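Data block for model06.txt (compact mmCIF, C-alpha atoms and all ligand atoms):
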```txt
# COMPACT_ATOMS: atom_id res chain seq x y z
CA MET A 1 0.00 0.00 0.00
CA ASN A 2 1.30 3.45 -0.89
CA VAL A 3 -0.91 5.72 1.14
CA TRP A 4 -3.57 3.63 2.84
CA GLN A 5 -3.09 2.66 6.45
CA LYS A 6 -5.19 2.18 9.55
CA LEU A 7 -4.90 5.07 12.00
CA SER A 8 -5.83 5.18 15.66
CA LYS A 9 -8.73 7.42 16.59
CA LYS A 10 -6.29 9.87 18.15
CA GLU A 11 -4.11 10.07 15.03
CA LEU A 12 -7.16 10.37 12.84
CA HIS A 13 -8.64 13.25 14.83
CA GLN A 14 -5.29 15.02 14.95
CA ARG A 15 -4.83 14.85 11.17
CA VAL A 16 -8.33 16.17 10.46
CA PHE A 17 -8.16 18.99 13.02
CA ASP A 18 -4.69 19.96 11.74
CA ALA A 19 -6.00 20.00 8.17
CA VAL A 20 -9.06 22.07 9.06
CA ASN A 21 -6.89 24.49 11.07
CA SER A 22 -4.56 24.94 8.10
CA ASN A 23 -7.46 26.28 6.05
CA VAL A 24 -8.56 29.88 6.14
CA ASN A 25 -10.18 30.88 9.43
CA TYR A 26 -12.98 33.30 8.66
CA SER A 27 -13.25 34.27 12.37
CA ASP A 28 -9.66 35.43 12.81
CA GLU A 29 -8.52 36.49 9.37
CA ALA A 30 -9.64 39.40 7.20
CA VAL A 31 -11.16 37.64 4.20
CA LEU A 32 -13.13 40.17 2.26
CA GLY A 33 -13.38 38.82 -1.26
CA VAL A 34 -14.76 35.31 -1.21
CA PRO A 35 -18.50 34.59 -1.33
CA ALA A 36 -18.08 31.99 1.43
CA SER A 37 -18.02 31.78 5.22
CA TYR A 38 -18.49 29.34 8.13
CA LEU A 39 -22.00 27.91 8.58
CA ASP A 40 -24.48 30.41 10.00
CA PRO A 41 -23.84 30.30 13.79
CA LYS A 42 -27.46 31.27 14.55
CA VAL A 43 -28.46 27.95 13.07
CA PHE A 44 -25.41 25.71 13.49
CA ASN A 45 -23.79 26.01 16.90
CA ALA A 46 -20.04 26.22 16.30
CA ASP A 47 -19.31 26.27 20.07
CA ALA A 48 -21.10 23.00 20.88
CA PRO A 49 -18.72 21.10 23.20
CA PHE A 50 -19.12 17.80 21.33
CA LEU A 51 -17.40 19.36 18.30
CA ASP A 52 -14.02 19.03 20.07
CA ASP A 53 -14.39 15.29 19.60
CA ALA A 54 -16.12 15.41 16.22
CA PRO A 55 -13.71 16.19 13.38
CA TYR A 56 -16.21 15.59 10.58
CA MET A 57 -18.88 17.81 12.15
CA THR A 58 -16.23 20.45 12.84
CA SER A 59 -15.26 20.42 9.18
CA MET A 60 -18.94 20.82 8.26
CA VAL A 61 -19.22 23.91 10.47
CA LYS A 62 -15.98 25.41 9.08
CA ASN A 63 -17.41 24.78 5.60
CA PRO A 64 -14.39 24.42 3.28
CA ASN A 65 -15.11 24.70 -0.43
CA HIS A 66 -13.08 22.21 -2.51
CA ILE A 67 -13.96 23.81 -5.84
CA GLY A 68 -11.69 22.63 -8.66
CA CYS A 69 -9.44 19.59 -8.97
CA HIS A 70 -6.52 19.23 -6.55
CA THR A 71 -4.40 16.56 -8.18
CA ILE A 72 -3.21 18.89 -10.95
CA GLY A 73 -1.95 22.48 -11.08
CA GLU A 74 -2.75 25.09 -8.46
CA SER A 75 -5.75 25.19 -6.15
CA GLU A 76 -7.48 27.74 -3.94
CA ALA A 77 -4.95 28.40 -1.14
CA TYR A 78 -7.73 29.11 1.41
CA PHE A 79 -8.52 25.41 1.72
CA SER A 80 -5.09 23.87 1.21
CA GLY A 81 -5.19 21.94 4.50
CA THR A 82 -8.24 19.85 3.71
CA GLN A 83 -7.43 19.63 -0.02
CA GLU A 84 -4.42 17.57 1.07
CA LEU A 85 -6.77 14.99 2.63
CA GLU A 86 -8.76 14.85 -0.61
CA ARG A 87 -5.52 14.22 -2.54
CA GLU A 88 -4.84 11.30 -0.18
CA VAL A 89 -8.30 9.86 -0.81
CA ILE A 90 -7.72 10.07 -4.56
CA ARG A 91 -4.35 8.33 -4.23
CA ILE A 92 -5.74 5.59 -1.97
CA CYS A 93 -8.52 4.87 -4.45
CA ALA A 94 -6.45 5.16 -7.64
CA GLU A 95 -3.23 3.54 -6.40
CA ASP A 96 -3.95 1.30 -3.43
CA ILE A 97 -7.41 0.04 -4.40
CA LEU A 98 -7.23 0.34 -8.19
CA LYS A 99 -3.51 -0.39 -8.71
CA GLY A 100 -2.51 2.77 -10.58
CA GLU A 101 1.09 3.98 -10.67
CA LYS A 102 2.14 6.53 -8.05
CA ASN A 103 0.79 10.03 -8.85
CA ALA A 104 -0.27 8.87 -12.32
CA GLN A 105 -3.99 9.60 -11.92
CA ASP A 106 -6.14 12.70 -11.49
CA GLY A 107 -9.46 12.81 -9.72
CA TYR A 108 -11.85 14.56 -7.37
CA ILE A 109 -14.78 13.93 -5.05
CA ALA A 110 -17.90 14.42 -7.14
CA ALA A 111 -21.54 14.80 -6.11
CA GLY A 112 -22.15 11.11 -6.75
CA GLY A 113 -21.82 8.24 -9.20
CA THR A 114 -23.92 10.09 -11.75
CA GLU A 115 -21.64 13.11 -11.83
CA ALA A 116 -18.49 10.98 -11.97
CA ASN A 117 -19.91 9.02 -14.93
CA LEU A 118 -20.97 12.23 -16.69
CA GLN A 119 -17.50 13.67 -16.10
CA ALA A 120 -15.94 10.59 -17.73
CA LEU A 121 -18.21 10.81 -20.78
CA TRP A 122 -17.55 14.56 -21.05
CA VAL A 123 -13.78 13.97 -20.91
CA PHE A 124 -14.00 11.28 -23.61
CA ARG A 125 -16.24 13.31 -25.93
CA ASN A 126 -13.96 16.33 -25.72
CA TYR A 127 -10.88 14.14 -26.19
CA PHE A 128 -12.33 12.76 -29.45
CA GLN A 129 -13.28 16.27 -30.55
CA LYS A 130 -9.92 17.84 -29.72
CA LYS A 131 -7.59 15.06 -30.83
CA PHE A 132 -9.45 13.84 -33.95
CA GLN A 133 -11.80 16.75 -34.76
CA ALA A 134 -14.64 14.28 -34.27
CA SER A 135 -18.18 15.55 -34.72
CA ASN A 136 -20.85 14.55 -32.18
CA GLU A 137 -22.51 12.44 -34.89
CA GLU A 138 -19.37 10.30 -35.15
CA ILE A 139 -19.22 9.58 -31.41
CA ALA A 140 -21.28 6.98 -29.52
CA ILE A 141 -21.49 5.89 -25.90
CA VAL A 142 -21.61 2.09 -25.78
CA CYS A 143 -22.58 0.16 -22.66
CA SER A 144 -24.61 -2.88 -21.65
CA GLN A 145 -28.37 -2.67 -21.19
CA ASP A 146 -27.83 -3.24 -17.45
CA SER A 147 -25.74 -0.07 -17.13
CA HIS A 148 -26.89 2.76 -14.88
CA TYR A 149 -29.17 5.33 -16.47
CA SER A 150 -26.54 8.04 -15.94
CA MET A 151 -25.13 6.91 -19.31
CA ASN A 152 -28.44 7.86 -20.94
CA LYS A 153 -28.30 11.22 -19.15
CA GLY A 154 -24.80 11.64 -20.54
CA SER A 155 -25.96 10.86 -24.06
CA ASN A 156 -28.71 13.45 -23.76
CA LEU A 157 -26.55 16.17 -22.19
CA LEU A 158 -23.53 15.71 -24.44
CA GLY A 159 -25.53 15.32 -27.64
CA VAL A 160 -24.05 11.96 -28.64
CA ASP A 161 -25.88 8.71 -29.40
CA ILE A 162 -25.93 5.78 -27.01
CA ILE A 163 -25.91 2.08 -27.87
CA ASN A 164 -27.33 -0.08 -25.07
CA VAL A 165 -26.06 -3.59 -25.80
CA PRO A 166 -28.46 -6.41 -24.81
CA VAL A 167 -27.20 -8.96 -22.28
CA ASN A 168 -27.85 -12.67 -21.84
CA ASP A 169 -30.85 -13.00 -19.53
CA ASP A 170 -29.13 -15.53 -17.26
CA THR A 171 -25.48 -14.45 -17.20
CA ARG A 172 -26.22 -10.71 -17.50
CA LEU A 173 -23.18 -10.53 -19.80
CA VAL A 174 -22.87 -9.07 -23.25
CA GLU A 175 -22.23 -11.74 -25.90
CA GLU A 176 -19.38 -11.42 -28.38
CA GLN A 177 -21.44 -11.80 -31.54
CA VAL A 178 -24.12 -9.35 -30.41
CA LEU A 179 -21.56 -6.71 -29.42
CA THR A 180 -19.48 -7.15 -32.59
CA GLU A 181 -22.54 -6.81 -34.81
CA LEU A 182 -23.78 -3.69 -33.02
CA LEU A 183 -20.34 -2.08 -33.26
CA GLN A 184 -20.06 -2.99 -36.95
CA ASP A 185 -23.52 -1.53 -37.61
CA ALA A 186 -22.48 1.64 -35.78
CA VAL A 187 -19.38 1.95 -37.98
CA VAL A 188 -21.51 1.50 -41.10
CA SER A 189 -23.79 4.30 -39.88
CA GLY A 190 -20.81 6.65 -39.45
CA LYS A 191 -19.62 6.15 -35.86
CA ARG A 192 -15.83 6.26 -35.49
CA TYR A 193 -15.30 7.10 -31.81
CA PHE A 194 -16.61 4.96 -28.98
CA ALA A 195 -16.94 6.03 -25.33
CA ILE A 196 -17.19 2.58 -23.76
CA VAL A 197 -18.56 2.00 -20.26
CA VAL A 198 -18.03 -1.32 -18.52
CA ASN A 199 -19.50 -2.07 -15.13
CA MET A 200 -17.69 -3.04 -11.98
CA ALA A 201 -21.04 -4.23 -10.79
CA THR A 202 -24.36 -3.19 -12.21
CA THR A 203 -27.02 -1.53 -10.08
CA MET A 204 -29.68 -4.22 -10.40
CA PHE A 205 -27.64 -7.42 -10.64
CA GLY A 206 -24.15 -6.74 -9.31
CA SER A 207 -22.88 -8.27 -12.57
CA VAL A 208 -19.33 -7.42 -13.65
CA ASP A 209 -18.55 -6.85 -17.33
CA GLU A 210 -15.84 -8.81 -19.13
CA ILE A 211 -13.51 -6.06 -20.30
CA ASP A 212 -11.34 -8.46 -22.34
CA LEU A 213 -14.33 -9.40 -24.48
CA TRP A 214 -15.17 -5.72 -25.05
CA VAL A 215 -11.58 -4.93 -26.00
CA SER A 216 -11.31 -7.84 -28.43
CA CYS A 217 -14.57 -6.81 -30.17
CA LEU A 218 -13.32 -3.22 -30.43
CA LYS A 219 -9.93 -4.28 -31.75
CA SER A 220 -11.60 -6.48 -34.37
CA LEU A 221 -12.88 -3.25 -35.98
CA GLY A 222 -9.30 -2.27 -36.86
CA ASP A 223 -7.73 1.18 -37.05
CA LYS A 224 -10.81 2.93 -38.37
CA VAL A 225 -12.18 3.40 -34.84
CA GLN A 226 -10.87 4.98 -31.66
CA TYR A 227 -12.16 4.14 -28.20
CA LYS A 228 -11.76 5.03 -24.54
CA ILE A 229 -12.95 2.85 -21.68
CA HIS A 230 -14.59 4.03 -18.47
CA VAL A 231 -15.31 1.64 -15.58
CA ASP A 232 -18.47 2.40 -13.64
CA GLY A 233 -17.54 1.18 -10.18
CA ALA A 234 -20.10 3.37 -8.42
CA TYR A 235 -21.69 0.32 -6.91
CA GLY A 236 -18.88 -2.24 -6.81
CA GLY A 237 -15.76 -0.10 -6.49
CA PHE A 238 -15.46 -0.37 -2.73
CA ILE A 239 -16.23 -4.10 -2.62
CA TYR A 240 -15.25 -6.00 -5.80
CA PRO A 241 -11.51 -5.11 -5.74
CA PHE A 242 -11.37 -6.62 -2.22
CA THR A 243 -13.30 -9.79 -2.88
CA THR A 244 -11.63 -10.77 -6.15
CA SER A 245 -7.98 -11.69 -6.66
CA ASN A 246 -7.79 -10.99 -10.41
CA ASN A 247 -9.55 -7.69 -11.00
CA ALA A 248 -9.10 -6.57 -14.63
CA LEU A 249 -11.11 -3.39 -14.04
CA ASN A 250 -8.37 -1.21 -12.62
CA PHE A 251 -5.49 1.03 -13.72
CA LYS A 252 -3.10 -1.91 -13.98
CA ASN A 253 -5.05 -2.74 -17.13
CA PRO A 254 -3.78 -0.31 -19.83
CA GLU A 255 -7.22 -0.41 -21.50
CA VAL A 256 -8.87 1.33 -18.54
CA ASP A 257 -8.87 5.13 -18.87
CA SER A 258 -11.13 6.27 -16.05
CA ILE A 259 -13.11 4.88 -13.13
CA THR A 260 -16.07 5.98 -11.01
CA LEU A 261 -16.31 4.96 -7.37
CA ASP A 262 -19.02 6.00 -4.97
CA ALA A 263 -18.28 6.25 -1.28
CA HIS A 264 -21.92 6.94 -0.41
CA LYS A 265 -22.88 3.40 -1.38
CA MET A 266 -20.69 0.56 -0.07
CA ALA A 267 -18.42 2.86 1.97
CA GLN A 268 -21.42 4.25 3.91
CA ALA A 269 -20.19 7.84 3.55
CA PRO A 270 -22.51 10.86 3.58
CA TYR A 271 -24.20 11.67 0.27
CA GLY A 272 -22.09 13.80 -2.03
CA THR A 273 -19.12 11.42 -2.16
CA GLY A 274 -18.86 10.07 -5.68
CA ILE A 275 -15.26 9.74 -6.85
CA PHE A 276 -13.98 10.41 -10.38
CA LEU A 277 -10.56 9.02 -11.33
CA CYS A 278 -8.71 9.08 -14.63
CA ARG A 279 -5.23 8.62 -16.03
CA LYS A 280 -3.13 11.78 -16.15
CA GLY A 281 -3.41 13.66 -19.43
CA LEU A 282 -7.15 13.22 -19.86
CA ILE A 283 -8.94 15.57 -17.47
CA GLU A 284 -7.50 18.66 -19.23
CA ASN A 285 -10.00 17.94 -22.01
CA VAL A 286 -12.73 19.48 -19.85
CA LEU A 287 -10.89 22.62 -18.78
CA THR A 288 -13.34 25.49 -18.53
CA GLU A 289 -11.14 28.43 -19.49
CA GLU A 290 -13.83 30.92 -18.50
CA ALA A 291 -13.50 29.88 -14.81
CA GLN A 292 -11.21 32.87 -14.21
CA TYR A 293 -12.09 33.63 -10.59
CA VAL A 294 -11.12 30.12 -9.42
CA ASN A 295 -7.43 29.89 -8.53
CA GLY A 296 -6.07 26.99 -10.57
CA MET A 297 -7.95 25.11 -13.25
CA ASP A 298 -11.58 24.11 -12.91
CA LEU A 299 -11.59 20.69 -14.50
CA THR A 300 -14.73 19.44 -12.79
CA LEU A 301 -18.39 19.31 -13.70
CA ILE A 302 -19.65 20.42 -10.31
CA GLY A 303 -18.04 23.76 -9.28
CA SER A 304 -18.32 24.45 -5.53
CA ARG A 305 -18.38 21.33 -3.37
CA SER A 306 -18.01 20.59 0.31
CA GLY A 307 -14.55 19.73 1.62
CA ALA A 308 -16.26 17.92 4.50
CA ASN A 309 -17.22 15.17 2.05
CA ALA A 310 -13.58 14.46 1.25
CA ILE A 311 -12.85 14.37 4.98
CA ALA A 312 -15.65 11.87 5.57
CA VAL A 313 -14.25 9.48 2.95
CA TRP A 314 -10.70 9.94 4.27
CA MET A 315 -11.87 9.17 7.83
CA ILE A 316 -13.74 6.03 6.78
CA LEU A 317 -10.79 4.64 4.84
CA MET A 318 -8.25 5.49 7.55
CA THR A 319 -10.45 4.08 10.32
CA TYR A 320 -10.49 0.65 8.68
CA GLY A 321 -7.21 0.44 6.76
CA PRO A 322 -6.98 -2.05 3.87
CA HIS A 323 -7.11 -5.27 5.88
CA ASP A 324 -10.17 -4.51 8.00
CA TRP A 325 -11.85 -3.17 4.87
CA LYS A 326 -11.31 -6.47 3.10
CA GLU A 327 -12.71 -8.36 6.08
CA LYS A 328 -15.78 -6.09 6.24
CA ASN A 329 -16.55 -6.89 2.62
CA GLU A 330 -15.90 -10.60 2.98
CA ILE A 331 -18.48 -10.68 5.76
CA LEU A 332 -21.09 -9.12 3.45
CA VAL A 333 -20.28 -11.58 0.66
CA GLY A 334 -20.50 -14.42 3.18
CA ARG A 335 -23.97 -13.30 4.30
CA THR A 336 -24.99 -13.09 0.64
CA SER A 337 -23.92 -16.70 0.17
CA ILE A 338 -26.18 -17.75 3.06
CA ILE A 339 -29.13 -16.35 1.13
CA CYS A 340 -28.05 -18.00 -2.12
CA ASN A 341 -27.53 -21.41 -0.51
CA LYS A 342 -31.08 -21.36 0.79
CA LEU A 343 -32.45 -20.19 -2.57
CA ASP A 344 -30.65 -23.11 -4.23
CA GLU A 345 -32.19 -25.50 -1.71
CA LEU A 346 -35.64 -24.09 -2.42
CA GLY A 347 -35.19 -24.19 -6.20
CA ILE A 348 -35.64 -20.43 -6.49
CA GLU A 349 -34.08 -18.82 -9.57
CA TYR A 350 -31.81 -15.82 -9.13
CA TYR A 351 -28.68 -14.09 -10.43
CA ARG A 352 -25.67 -13.46 -8.24
CA HIS A 353 -22.06 -12.64 -9.06
CA PRO A 354 -20.04 -14.79 -6.61
CA GLN A 355 -17.84 -11.89 -5.48
CA MET A 356 -20.70 -9.48 -4.94
CA ASN A 357 -23.37 -8.80 -2.34
CA ILE A 358 -26.46 -8.51 -4.55
CA VAL A 359 -29.00 -11.29 -5.10
CA THR A 360 -31.53 -10.63 -7.85
CA ILE A 361 -34.44 -13.04 -7.73
CA ARG A 362 -36.82 -13.79 -10.59
CA SER A 363 -39.99 -12.16 -9.34
CA GLU A 364 -42.28 -15.13 -10.02
CA PHE A 365 -40.36 -16.99 -7.30
CA ILE A 366 -41.07 -14.54 -4.51
CA PRO A 367 -44.46 -13.53 -3.08
CA LYS A 368 -45.36 -9.85 -3.30
CA GLU A 369 -45.96 -9.73 0.49
CA LEU A 370 -42.32 -10.62 1.12
CA VAL A 371 -41.13 -8.08 -1.43
CA THR A 372 -43.02 -5.41 0.50
CA LYS A 373 -42.26 -6.71 4.01
CA TYR A 374 -38.50 -6.88 3.42
CA GLY A 375 -38.14 -3.89 1.09
CA LEU A 376 -36.83 -5.76 -1.94
CA VAL A 377 -36.28 -3.43 -4.90
CA PRO A 378 -37.93 -4.29 -8.25
CA GLU A 379 -36.20 -3.80 -11.58
CA THR A 380 -39.15 -1.69 -12.70
CA HIS A 381 -42.14 -0.35 -10.80
CA THR A 382 -44.54 -1.62 -13.44
CA ALA A 383 -46.78 -4.69 -13.73
CA ASN A 384 -44.31 -6.53 -15.97
CA ASN A 385 -41.47 -6.45 -13.44
CA ARG A 386 -39.28 -9.57 -13.78
CA TRP A 387 -36.68 -9.19 -11.03
CA CYS A 388 -36.41 -8.13 -7.36
CA LYS A 389 -33.12 -7.51 -5.61
CA ILE A 390 -31.63 -7.92 -2.17
CA VAL A 391 -28.57 -5.81 -1.43
CA VAL A 392 -26.61 -7.09 1.55
CA MET A 393 -25.50 -3.83 3.13
CA ASP A 394 -24.09 -3.48 6.66
CA HIS A 395 -27.58 -3.33 8.22
CA VAL A 396 -28.68 -6.53 6.47
CA THR A 397 -27.46 -8.71 9.31
CA ALA A 398 -27.51 -12.49 9.71
CA ASP A 399 -30.54 -12.07 11.97
CA VAL A 400 -32.60 -10.14 9.39
CA ILE A 401 -31.55 -12.66 6.74
CA HIS A 402 -32.66 -15.51 8.99
CA HIS A 403 -36.16 -14.02 9.37
CA PHE A 404 -36.45 -13.39 5.64
CA LEU A 405 -35.43 -16.94 4.77
CA LYS A 406 -37.80 -18.36 7.38
CA ASP A 407 -40.69 -16.46 5.81
CA LEU A 408 -39.56 -17.55 2.37
CA VAL A 409 -39.53 -21.22 3.35
CA ALA A 410 -43.00 -20.83 4.85
CA SER A 411 -44.31 -19.27 1.67
CA LYS A 412 -42.66 -21.83 -0.64
CA LYS A 413 -45.66 -24.14 -0.67
CA THR A 414 -47.96 -21.37 -1.79
CA ILE A 415 -45.55 -20.34 -4.54
CA SER A 416 -45.25 -23.91 -5.85
CA VAL A 417 -49.00 -24.07 -6.17
CA SER A 418 -49.26 -20.79 -8.00
CA LEU A 419 -46.36 -21.47 -10.40
C1 LIG A 501 -23.58 1.27 -11.14
C2 LIG A 501 -24.09 2.64 -10.75
N1 LIG A 501 -23.64 3.72 -11.40
C3 LIG A 501 -24.05 4.96 -11.10
C4 LIG A 501 -24.98 5.16 -10.10
C5 LIG A 501 -25.44 6.57 -9.80
O1 LIG A 501 -24.98 6.97 -8.54
P1 LIG A 501 -25.59 8.23 -7.77
O2 LIG A 501 -26.99 7.88 -7.38
O3 LIG A 501 -24.65 8.40 -6.63
O4 LIG A 501 -25.53 9.38 -8.69
C6 LIG A 501 -25.51 4.07 -9.42
C7 LIG A 501 -26.54 4.25 -8.39
O5 LIG A 501 -27.16 3.36 -7.91
C8 LIG A 501 -25.03 2.77 -9.72
O6 LIG A 501 -25.49 1.69 -9.09
```
Rendering of file as structure tokens:
Amino acid sequence: MNVWQKLSKKELHQRVFDAVNSNVNYSDEAVLGVPASYLDPKVFNADAPFLDDAPYMTSMVKNPNHIGCHTIGESEAYFSGTQELEREVIRICAEDILKGEKNAQDGYIAAGGTEANLQALWVFRNYFQKKFQASNEEIAIVCSQDSHYSMNKGSNLLGVDIINVPVNDDTRLVEEQVLTELLQDAVVSGKRYFAIVVNMATTMFGSVDEIDLWVSCLKSLGDKVQYKIHVDGAYGGFIYPFTTSNNALNFKNPEVDSITLDAHKMAQAPYGTGIFLCRKGLIENVLTEEAQYVNGMDLTLIGSRSGANAIAVWMILMTYGPHDWKEKNEILVGRTSIICNKLDELGIEYYRHPQMNIVTIRSEFIPKELVTKYGLVPETHTANNRWCKIVVMDHVTADVIHHFLKDLVASKKTISVSL
């Protein structure tokens, strides 16, 4: 590990308080020009005694703005203390978790997985435009049909077409022939530049795309096409790299250009903690030159953003360290296997990736009452829904699972009759 380690509570608090205290202090310093301040003290009590022992809440009250990207060029000096913690988060994710070379990636804490995915598509579109004078009509986003709908948002916002590739209904994987034919059709209709998105676990199934298959289909098209590959790890990024020993969806793989992670899912961070990562040399494609009042380059989609979010992610990662983090995830995957073993015994059909914590059950195998009672999430909120998912998060304990399975066994007879 380059950066990631487990810190004691004392060390952790010290680092955060030191970082916050290195930022501008609006109370003691004459800061006349910035449209920013601490949180309104009439509403948020900055003198509350518990804050002395609450580094994250303290950083909320001090309200640092991490506008811009802090892994490249200059940044706003007012918040340099806490920007350093954000840089560490980016390095932990890009280097320690996703096996990038030291200081070879850029990145920032985005509003969420959606923003990080949009940022990636924006970077790729502009790269094709700048490097090859591509027109929007020649560019297409290509991803599996199980991809998150942020790709469709990206298509709409960026004015480029999207190709949603069908997947096999059982494996949830794209098939070689289907993908090759769709890509060939796209080339015939004038597409030359592909912004590819592969999933490091899809939202509904937890399925993980086979990047090697995607690359070989793309390469079979020859030199007439260019492509860039983004990995959407918004769901799986904080779990899959720890539960699999041969992850091809990281920066060790030269085909991977950028990656989204999302700390507000599996890392249980506050909302507003998506993470965008890309290889150095790419993010400059989205430089907004008009952002003159921001010191340094604004290379992000979002603009102003809370520095407290970066601190929250930093604290979570440093509280666990890499080894406890792995164990935490293995426990979740183990609980998921308990569910799957029982489903197998009961002859209930489902999809599950063995290294993931999602179980997606064919809806005809599960009574509606149980779907409602246990808050299972349907694929679609319409009458023709085919799948319902269980996501084994931290609060989905062995005890809750036991009660669910007990109810499922009890209902099995009724289901068999109605099938
Ligand atoms: C795979 C994947 N990508 C992107 C997103 C979007 O993340 P957010 O809701 O944080 O914008 C999600 C959300 O569930 C997701 O599962």
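Near ligand LIG 501 (chain A), at distances of 7 Å or less and with all atoms listed in the file counted, sit the residues Gly112, Gly113, Thr114, Glu115, Asn117, Ser147, His148, Ser150, Asn199, Ala201, Thr202, Thr203, Asp232, Gly233, Ala234, Tyr235, Asp262, His264 and Gly274 of chain A.
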Deliver the residues from the most recent selection as a file, using C-alpha atoms, as an mmCIF file, in the coordinates of the input.
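The result, stored in out.cif:
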```cif
data_model
loop_
_atom_site.group_PDB
_atom_site.id
_atom_site.type_symbol
_atom_site.label_atom_id
_atom_site.label_comp_id
_atom_site.auth_asym_id
_atom_site.auth_seq_id
_atom_site.Cartn_x
_atom_site.Cartn_y
_atom_site.Cartn_z
ATOM 1 C CA GLY A 112 -22.150 11.110 -6.750
ATOM 2 C CA GLY A 113 -21.820 8.240 -9.200
ATOM 3 C CA THR A 114 -23.920 10.090 -11.750
ATOM 4 C CA GLU A 115 -21.640 13.110 -11.830
ATOM 5 C CA ASN A 117 -19.910 9.020 -14.930
ATOM 6 C CA SER A 147 -25.740 -0.070 -17.130
ATOM 7 C CA HIS A 148 -26.890 2.760 -14.880
ATOM 8 C CA SER A 150 -26.540 8.040 -15.940
ATOM 9 C CA ASN A 199 -19.500 -2.070 -15.130
ATOM 10 C CA ALA A 201 -21.040 -4.230 -10.790
ATOM 11 C CA THR A 202 -24.360 -3.190 -12.210
ATOM 12 C CA THR A 203 -27.020 -1.530 -10.080
ATOM 13 C CA ASP A 232 -18.470 2.400 -13.640
ATOM 14 C CA GLY A 233 -17.540 1.180 -10.180
ATOM 15 C CA ALA A 234 -20.100 3.370 -8.420
ATOM 16 C CA TYR A 235 -21.690 0.320 -6.910
ATOM 17 C CA ASP A 262 -19.020 6.000 -4.970
ATOM 18 C CA HIS A 264 -21.920 6.940 -0.410
ATOM 19 C CA GLY A 274 -18.860 10.070 -5.680
#
```
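In this comparison, which uses only C-alpha atoms, the residue of A:Gly307, A:Asp170, A:Glu290, A:Asn384 approaching His353 in chain A most closely is A:Asp170.
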Cut-off 9 Å around (-14.9, 18.2, -15.4) with all atoms listed in the file: residues as a VMD selection string
chain A and resid 68 to 69 116 118 to 120 122 to 123 283 to 288 298 to 303
- Just the residues within 12 Å of Lys252 in chain A, please, counting all atoms listed in the file, with nothing from its chain fewer than 2 positions along; format it as a list in words. Ala94, Glu95, Asp96, Ile97, Leu98, Lys99, Gly100, Glu101, Lys102, Ala104, Gln105, Asn246, Asn247, Ala248, Leu249, Asn250, Pro254, Glu255, Val256, Asp257, Ser258 and Arg279 of chain A
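CA of Asn152 in chain A lies 22.6 Å from CA of Glu176 in chain A.
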In terms of all atoms listed in the file, the residue from A:Trp314, A:Phe124, A:Trp387, A:Tyr227 at minimal distance from Thr273 in chain A is A:Trp314
Judged by all atoms listed in the file, the minimum distance to Asp52 in chain A among A:Lys406, A:His70, A:Lys191, A:His13 is found for A:His13
Please identify all polymer residues within 8 Å of Met318 in chain A, counting only C-alpha atoms, omitting same-chain residues fewer than 2 positions from it, and present them as a list in words. Trp4, Gln5, Lys6, Leu7, Leu12, Trp314, Met315, Ile316, Tyr320 and Gly321 of chain A
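Residue nearest Met1 in chain A, chosen from A:Gln292, A:His323, A:Asn156, A:Arg87 and counting only C-alpha atoms: A:His323.
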- Task: May I have the residues within 9 Å of Ala195 in chain A as number ranges by chain, using only C-alpha atoms and disregarding those fewer than 6 positions away in the same chain?
- Result: A: 120-121, 124-125, 139-143, 226-230
Could you add N, CA and C atoms to range 20-28 of chain A and give me the result as a PDB file, in the coordinates of the input?
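File result.pdb, as written:
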```pdb
ATOM      1  N   VAL A  20      -8.028  21.023   9.004  1.00  0.00           N
ATOM      2  CA  VAL A  20      -9.060  22.070   9.060  1.00  0.00           C
ATOM      3  C   VAL A  20      -8.430  23.380   9.539  1.00  0.00           C
ATOM      4  N   ASN A  21      -7.514  23.273  10.530  1.00  0.00           N
ATOM      5  CA  ASN A  21      -6.890  24.490  11.070  1.00  0.00           C
ATOM      6  C   ASN A  21      -5.888  25.115  10.102  1.00  0.00           C
ATOM      7  N   SER A  22      -5.460  24.358   9.107  1.00  0.00           N
ATOM      8  CA  SER A  22      -4.560  24.940   8.100  1.00  0.00           C
ATOM      9  C   SER A  22      -5.332  25.706   7.030  1.00  0.00           C
ATOM     10  N   ASN A  23      -6.626  25.515   7.003  1.00  0.00           N
ATOM     11  CA  ASN A  23      -7.460  26.280   6.050  1.00  0.00           C
ATOM     12  C   ASN A  23      -7.628  27.705   6.557  1.00  0.00           C
ATOM     13  N   VAL A  24      -8.226  28.517   5.723  1.00  0.00           N
ATOM     14  CA  VAL A  24      -8.560  29.880   6.140  1.00  0.00           C
ATOM     15  C   VAL A  24      -9.478  29.831   7.368  1.00  0.00           C
ATOM     16  N   ASN A  25      -9.290  30.778   8.280  1.00  0.00           N
ATOM     17  CA  ASN A  25     -10.180  30.880   9.430  1.00  0.00           C
ATOM     18  C   ASN A  25     -10.941  32.196   9.318  1.00  0.00           C
ATOM     19  N   TYR A  26     -12.202  32.080   8.920  1.00  0.00           N
ATOM     20  CA  TYR A  26     -12.980  33.300   8.660  1.00  0.00           C
ATOM     21  C   TYR A  26     -13.137  34.156   9.911  1.00  0.00           C
ATOM     22  N   SER A  27     -13.037  33.520  11.124  1.00  0.00           N
ATOM     23  CA  SER A  27     -13.250  34.270  12.370  1.00  0.00           C
ATOM     24  C   SER A  27     -12.065  35.169  12.690  1.00  0.00           C
ATOM     25  N   ASP A  28     -10.851  34.688  12.369  1.00  0.00           N
ATOM     26  CA  ASP A  28      -9.660  35.430  12.810  1.00  0.00           C
ATOM     27  C   ASP A  28      -8.982  36.218  11.702  1.00  0.00           C
TER      28      ASP A  28
END
```
